[in-house]
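Take a look at the structure below.
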Amino acid sequence: MSHHRLSFPGRVASALCILLVACGNETAPPLPEANRAAEEAPTRCTRMEQLPADQHLVTSWRTAPTDALITHPITGLTVRQSVAPHWDGELLRLRLSNRYSQVPLTLENVHIALEQHPGSAAMVPGSTCRLSFGGHSRITIPPGETAASDVIAFPLRAFERVGISFYAPEFTPQITRHLNANEVLYMSIPGDYAADADGSAFTAVPEGYAANFLAIEALEVVAPHTISTLVAVGDSITDGSDSTTGFIDGEGSPMIATDQRYPNHLQRRIRDAGLPLSIANAGIGGSELLSEAWLPQFGRSLLERLDADVLEVTGALQVLLMIGTNDLGNPQAGPSPTVDEMIAGFVQVIQRVQAAGMRIILGTIPPADGAVTDGLPVIGNLPVGIDLMHGTAEAREKRDAINTWIREQTLSDGIVDFAACLEDPQRAGYLAPEYNSGDNLHPNPAGYAAMADCVDLELLRPAAGLL
């Protein structure tokens, strides 16, 4: 897999020395005189050819691609999806992924705008900018590759949600996605509505059917070199299952687009503490440490996806890893991994991360007793000899042994005891009732907030240059 990267050679004396190239037909209102900073600030939506040498790109928002299996058809339609950035910036670029598709992906008129209301298809009028790729409004990404847009001037603020829209002008039989975005995915009526702030042409795709992130992989912002990226990597508990959305009804779910994943909560704590760290979320529901998940849409093993989803993340200097519950609890055609096999996998990840010059913090595996399931909705009973084992005595025994090793090992650069923070003090092995989403496996929003509170921020200071 290759990555298209922008390089920015040379130092410029001031922003007046930066070459600005118009990137779209949209025009932005002039900045107030009080904010013009002697007219040094570039005009919104302009494309930046050079950046100051004392700045670099960091990841403000990210998701981990899972697969390119069946998704909602997008040929001849406009897709609109919204995200919450984690770090401020005046300049940004968008990264698109075609990692898992077997065919080229062509997109046109990719736009970014401020979301009018959380979870809404409507954008703030006058906030829309068109992104370009090598100066062009159309991009074709070969199979297995990613592409980064040109850097444009677009003021981005942490947790000020933005919408990303694009038109698919050609037959699109496959598109790389992130399964279960915990966000609302919108599709338009036939036609190109990417530049429209009005959301009337869009319809929400039912969450249980196809609420995925399509093609988008990361938003990156230009920031001082003192700012770096922390990659939170893991399974559905990092991804944020049961944290933000509910099935869309006439009134709309009050949990839609409220950004309650544990990395969201941790980012808020980091910002309140003044740490120069932006969190990138590389969690995938169903993800396993050692093996490709039992369903292809749950993605590759962490050992296989570590380079693309962690080590190559823009600006990354630090990793917070919590994974393992699915290795022990997902359906298995044979026996689940042994404790020694799991430990060997963790050691391999630690060594690869540290060899890349990054720090890694390990999190213990949260409680999951009571999460035994004999069959799955829609699919029905699983084949003989295959069970979901999250809450079994065997899974509990292995989980406890792995957590003991995580707490006692000294190979990583620190630990976070998520299991202790989430466990019911009255029932060992179970999620505390106030943190339980109802399935005895995934935390609810309060549980995700508790996970963020469980992180000792002092662990994060060395990578932030704050020894």
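How things are named: the first chain in the structure tokens is A, the next is B, and so on; residues count from 1 in each chain; ligands count from 1 in the order shown.
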
*Shell of 10 Å around Leu459 of chain A, only C-alpha atoms, local chain residues under 6 positions omitted, as a PyMOL selection string*: chain A and resi 359-361+413-416+467

Prev. selection, all heavy atoms, output as a PDB file, in the first residue's frame:
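Saved to part_22.pdb:
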```pdb
ATOM      1  N   ARG A 359       6.065   5.879  21.746  1.00  0.00           N
ATOM      2  CA  ARG A 359       5.751   5.311  23.048  1.00  0.00           C
ATOM      3  C   ARG A 359       4.441   4.540  22.958  1.00  0.00           C
ATOM      4  O   ARG A 359       3.580   4.865  22.142  1.00  0.00           O
ATOM      5  CB  ARG A 359       5.609   6.404  24.115  1.00  0.00           C
ATOM      6  CG  ARG A 359       6.864   7.234  24.320  1.00  0.00           C
ATOM      7  CD  ARG A 359       6.638   8.345  25.335  1.00  0.00           C
ATOM      8  NE  ARG A 359       6.598   7.840  26.696  1.00  0.00           N
ATOM      9  CZ  ARG A 359       5.512   7.737  27.449  1.00  0.00           C
ATOM     10  NH1 ARG A 359       4.329   8.110  26.946  1.00  0.00           N
ATOM     11  NH2 ARG A 359       5.555   7.298  28.683  1.00  0.00           N
ATOM     12  N   ILE A 360       4.288   3.532  23.819  1.00  0.00           N
ATOM     13  CA  ILE A 360       3.048   2.754  23.838  1.00  0.00           C
ATOM     14  C   ILE A 360       2.608   2.498  25.274  1.00  0.00           C
ATOM     15  O   ILE A 360       3.408   2.122  26.126  1.00  0.00           O
ATOM     16  CB  ILE A 360       3.197   1.421  23.072  1.00  0.00           C
ATOM     17  CG1 ILE A 360       1.882   0.640  23.105  1.00  0.00           C
ATOM     18  CG2 ILE A 360       4.371   0.600  23.581  1.00  0.00           C
ATOM     19  CD1 ILE A 360       1.827  -0.536  22.148  1.00  0.00           C
ATOM     20  N   ILE A 361       1.324   2.727  25.511  1.00  0.00           N
ATOM     21  CA  ILE A 361       0.691   2.487  26.801  1.00  0.00           C
ATOM     22  C   ILE A 361      -0.341   1.381  26.608  1.00  0.00           C
ATOM     23  O   ILE A 361      -1.148   1.435  25.671  1.00  0.00           O
ATOM     24  CB  ILE A 361       0.026   3.771  27.325  1.00  0.00           C
ATOM     25  CG1 ILE A 361       1.095   4.851  27.548  1.00  0.00           C
ATOM     26  CG2 ILE A 361      -0.761   3.517  28.603  1.00  0.00           C
ATOM     27  CD1 ILE A 361       0.531   6.235  27.714  1.00  0.00           C
ATOM     28  N   ASP A 413       5.421   1.552  27.949  1.00  0.00           N
ATOM     29  CA  ASP A 413       5.781   2.821  28.578  1.00  0.00           C
ATOM     30  C   ASP A 413       4.767   3.265  29.620  1.00  0.00           C
ATOM     31  O   ASP A 413       4.832   4.399  30.100  1.00  0.00           O
ATOM     32  CB  ASP A 413       5.923   3.891  27.492  1.00  0.00           C
ATOM     33  CG  ASP A 413       7.014   3.552  26.494  1.00  0.00           C
ATOM     34  OD1 ASP A 413       8.200   3.667  26.860  1.00  0.00           O
ATOM     35  OD2 ASP A 413       6.687   3.142  25.363  1.00  0.00           O
ATOM     36  N   GLY A 414       3.844   2.390  29.956  1.00  0.00           N
ATOM     37  CA  GLY A 414       2.847   2.688  30.970  1.00  0.00           C
ATOM     38  C   GLY A 414       1.634   1.806  30.783  1.00  0.00           C
ATOM     39  O   GLY A 414       1.515   1.095  29.775  1.00  0.00           O
ATOM     40  N   ILE A 415       0.732   1.819  31.755  1.00  0.00           N
ATOM     41  CA  ILE A 415      -0.509   1.057  31.646  1.00  0.00           C
ATOM     42  C   ILE A 415      -1.680   1.919  32.108  1.00  0.00           C
ATOM     43  O   ILE A 415      -1.518   2.875  32.870  1.00  0.00           O
ATOM     44  CB  ILE A 415      -0.477  -0.251  32.466  1.00  0.00           C
ATOM     45  CG1 ILE A 415      -0.494   0.060  33.969  1.00  0.00           C
ATOM     46  CG2 ILE A 415       0.708  -1.113  32.096  1.00  0.00           C
ATOM     47  CD1 ILE A 415      -0.921  -1.108  34.819  1.00  0.00           C
ATOM     48  N   VAL A 416      -2.877   1.550  31.628  1.00  0.00           N
ATOM     49  CA  VAL A 416      -4.136   2.118  32.106  1.00  0.00           C
ATOM     50  C   VAL A 416      -5.020   0.937  32.491  1.00  0.00           C
ATOM     51  O   VAL A 416      -5.270   0.056  31.665  1.00  0.00           O
ATOM     52  CB  VAL A 416      -4.831   2.967  31.029  1.00  0.00           C
ATOM     53  CG1 VAL A 416      -6.166   3.484  31.559  1.00  0.00           C
ATOM     54  CG2 VAL A 416      -3.943   4.124  30.597  1.00  0.00           C
ATOM     55  N   LEU A 467       8.404  16.611  30.026  1.00  0.00           N
ATOM     56  CA  LEU A 467       8.999  15.753  31.051  1.00  0.00           C
ATOM     57  C   LEU A 467       9.068  16.475  32.383  1.00  0.00           C
ATOM     58  O   LEU A 467       9.223  17.670  32.437  1.00  0.00           O
ATOM     59  CB  LEU A 467      10.396  15.328  30.606  1.00  0.00           C
ATOM     60  CG  LEU A 467      10.443  14.436  29.357  1.00  0.00           C
ATOM     61  CD1 LEU A 467      11.876  14.270  28.887  1.00  0.00           C
ATOM     62  CD2 LEU A 467       9.835  13.069  29.666  1.00  0.00           C
TER      63      LEU A 467
END
```

_I need the strand (DSSP E or B) residues of segment 161-314 of chain A per DSSP on the backbone, written as a PyMOL selection string._
chain A and resi 162-167+177-178+185-188+202-204+213-214+216-224+228-234+277-283

Restrict the selected residues to C-alpha atoms and save them as a PDB file, in the first residue's frame.
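And here's again_19.pdb as it stands now:
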```pdb
ATOM      1  CA  VAL A 162     -17.851  19.484  10.098  1.00  0.00           C
ATOM      2  CA  GLY A 163     -19.585  17.754   7.200  1.00  0.00           C
ATOM      3  CA  ILE A 164     -17.715  16.125   4.322  1.00  0.00           C
ATOM      4  CA  SER A 165     -19.562  15.626   1.048  1.00  0.00           C
ATOM      5  CA  PHE A 166     -18.587  14.096  -2.276  1.00  0.00           C
ATOM      6  CA  TYR A 167     -20.213  13.052  -5.535  1.00  0.00           C
ATOM      7  CA  ARG A 177     -15.532   1.926   4.577  1.00  0.00           C
ATOM      8  CA  HIS A 178     -15.287   1.945   8.339  1.00  0.00           C
ATOM      9  CA  LEU A 185     -24.708   8.665   6.962  1.00  0.00           C
ATOM     10  CA  TYR A 186     -26.632  10.726   4.399  1.00  0.00           C
ATOM     11  CA  MET A 187     -27.275   9.951   0.729  1.00  0.00           C
ATOM     12  CA  SER A 188     -28.754  12.381  -1.768  1.00  0.00           C
ATOM     13  CA  PHE A 202     -30.321  14.152   1.545  1.00  0.00           C
ATOM     14  CA  THR A 203     -31.874  11.231   3.379  1.00  0.00           C
ATOM     15  CA  ALA A 204     -30.413   9.475   6.405  1.00  0.00           C
ATOM     16  CA  PHE A 213     -17.851   6.033   7.172  1.00  0.00           C
ATOM     17  CA  LEU A 214     -17.298   5.797   3.413  1.00  0.00           C
ATOM     18  CA  ILE A 216     -12.967   9.275   4.443  1.00  0.00           C
ATOM     19  CA  GLU A 217     -10.034   8.310   6.667  1.00  0.00           C
ATOM     20  CA  ALA A 218      -8.596  11.406   8.350  1.00  0.00           C
ATOM     21  CA  LEU A 219      -8.705  15.150   8.774  1.00  0.00           C
ATOM     22  CA  GLU A 220      -5.232  16.595   9.293  1.00  0.00           C
ATOM     23  CA  VAL A 221      -4.386  20.122  10.421  1.00  0.00           C
ATOM     24  CA  VAL A 222      -1.258  22.229  10.255  1.00  0.00           C
ATOM     25  CA  ALA A 223       0.091  22.856  13.749  1.00  0.00           C
ATOM     26  CA  PRO A 224       3.340  23.814  15.510  1.00  0.00           C
ATOM     27  CA  SER A 228       1.674  15.517  18.157  1.00  0.00           C
ATOM     28  CA  THR A 229      -0.854  12.722  17.644  1.00  0.00           C
ATOM     29  CA  LEU A 230      -1.839  10.026  20.142  1.00  0.00           C
ATOM     30  CA  VAL A 231      -3.344   6.955  18.440  1.00  0.00           C
ATOM     31  CA  ALA A 232      -6.006   5.152  20.475  1.00  0.00           C
ATOM     32  CA  VAL A 233      -6.254   1.691  18.948  1.00  0.00           C
ATOM     33  CA  GLY A 234      -8.427  -1.281  19.770  1.00  0.00           C
ATOM     34  CA  LEU A 277      -1.873  16.057  21.946  1.00  0.00           C
ATOM     35  CA  SER A 278      -4.540  15.255  19.365  1.00  0.00           C
ATOM     36  CA  ILE A 279      -6.189  11.812  19.552  1.00  0.00           C
ATOM     37  CA  ALA A 280      -6.705   9.671  16.449  1.00  0.00           C
ATOM     38  CA  ASN A 281      -9.234   6.849  16.899  1.00  0.00           C
ATOM     39  CA  ALA A 282      -8.095   3.576  15.285  1.00  0.00           C
ATOM     40  CA  GLY A 283     -10.682   1.327  16.916  1.00  0.00           C
TER      41      GLY A 283
END
```

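Of the residues listed (A:Pro42, A:Gly363, A:Pro142, A:Gly286), A:Pro142 shows the shortest atom-to-atom separation from Leu107 of chain A; distances use only C-alpha atoms.
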
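Considering only C-alpha atoms, the residue among A:Phe418, A:Phe171, A:Phe346, A:Phe298 positioned nearest to Ile74 of chain A is A:Phe171.
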
*Got a sec to tell me which of segment 196-413 of chain A DSSP assigns to alpha helix (DSSP H), as a VMD selection string?*
chain A and resid 207 to 210 236 to 239 262 to 272 302 to 306 325 to 329 339 to 355 393 to 408

*Write out as a PyMOL selection string which residues come within 7 Å of Glu108 of chain A when counting only C-alpha atoms, dropping same-chain ones fewer than 3 positions away.*
chain A and resi 137-139+166-169

*Find the residues around His442 of chain A up to 7 Å (only C-alpha atoms counted), leave out those fewer than 5 positions away in its own chain, and share them as a list in words.*
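The contact residues come out as Ile237, Ser241, Asp242, Asn436 and Ser437 of chain A.
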
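Separating atom CA of Ala147 of chain A from atom CA of Ser101 of chain A is a distance of 13.8 Å.
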
*Which residue, A:Lys398, A:His265, A:Arg47, A:Arg352, has the smallest gap to Tyr448 of chain A when you use only C-alpha atoms?*
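Closest candidate: A:His265.
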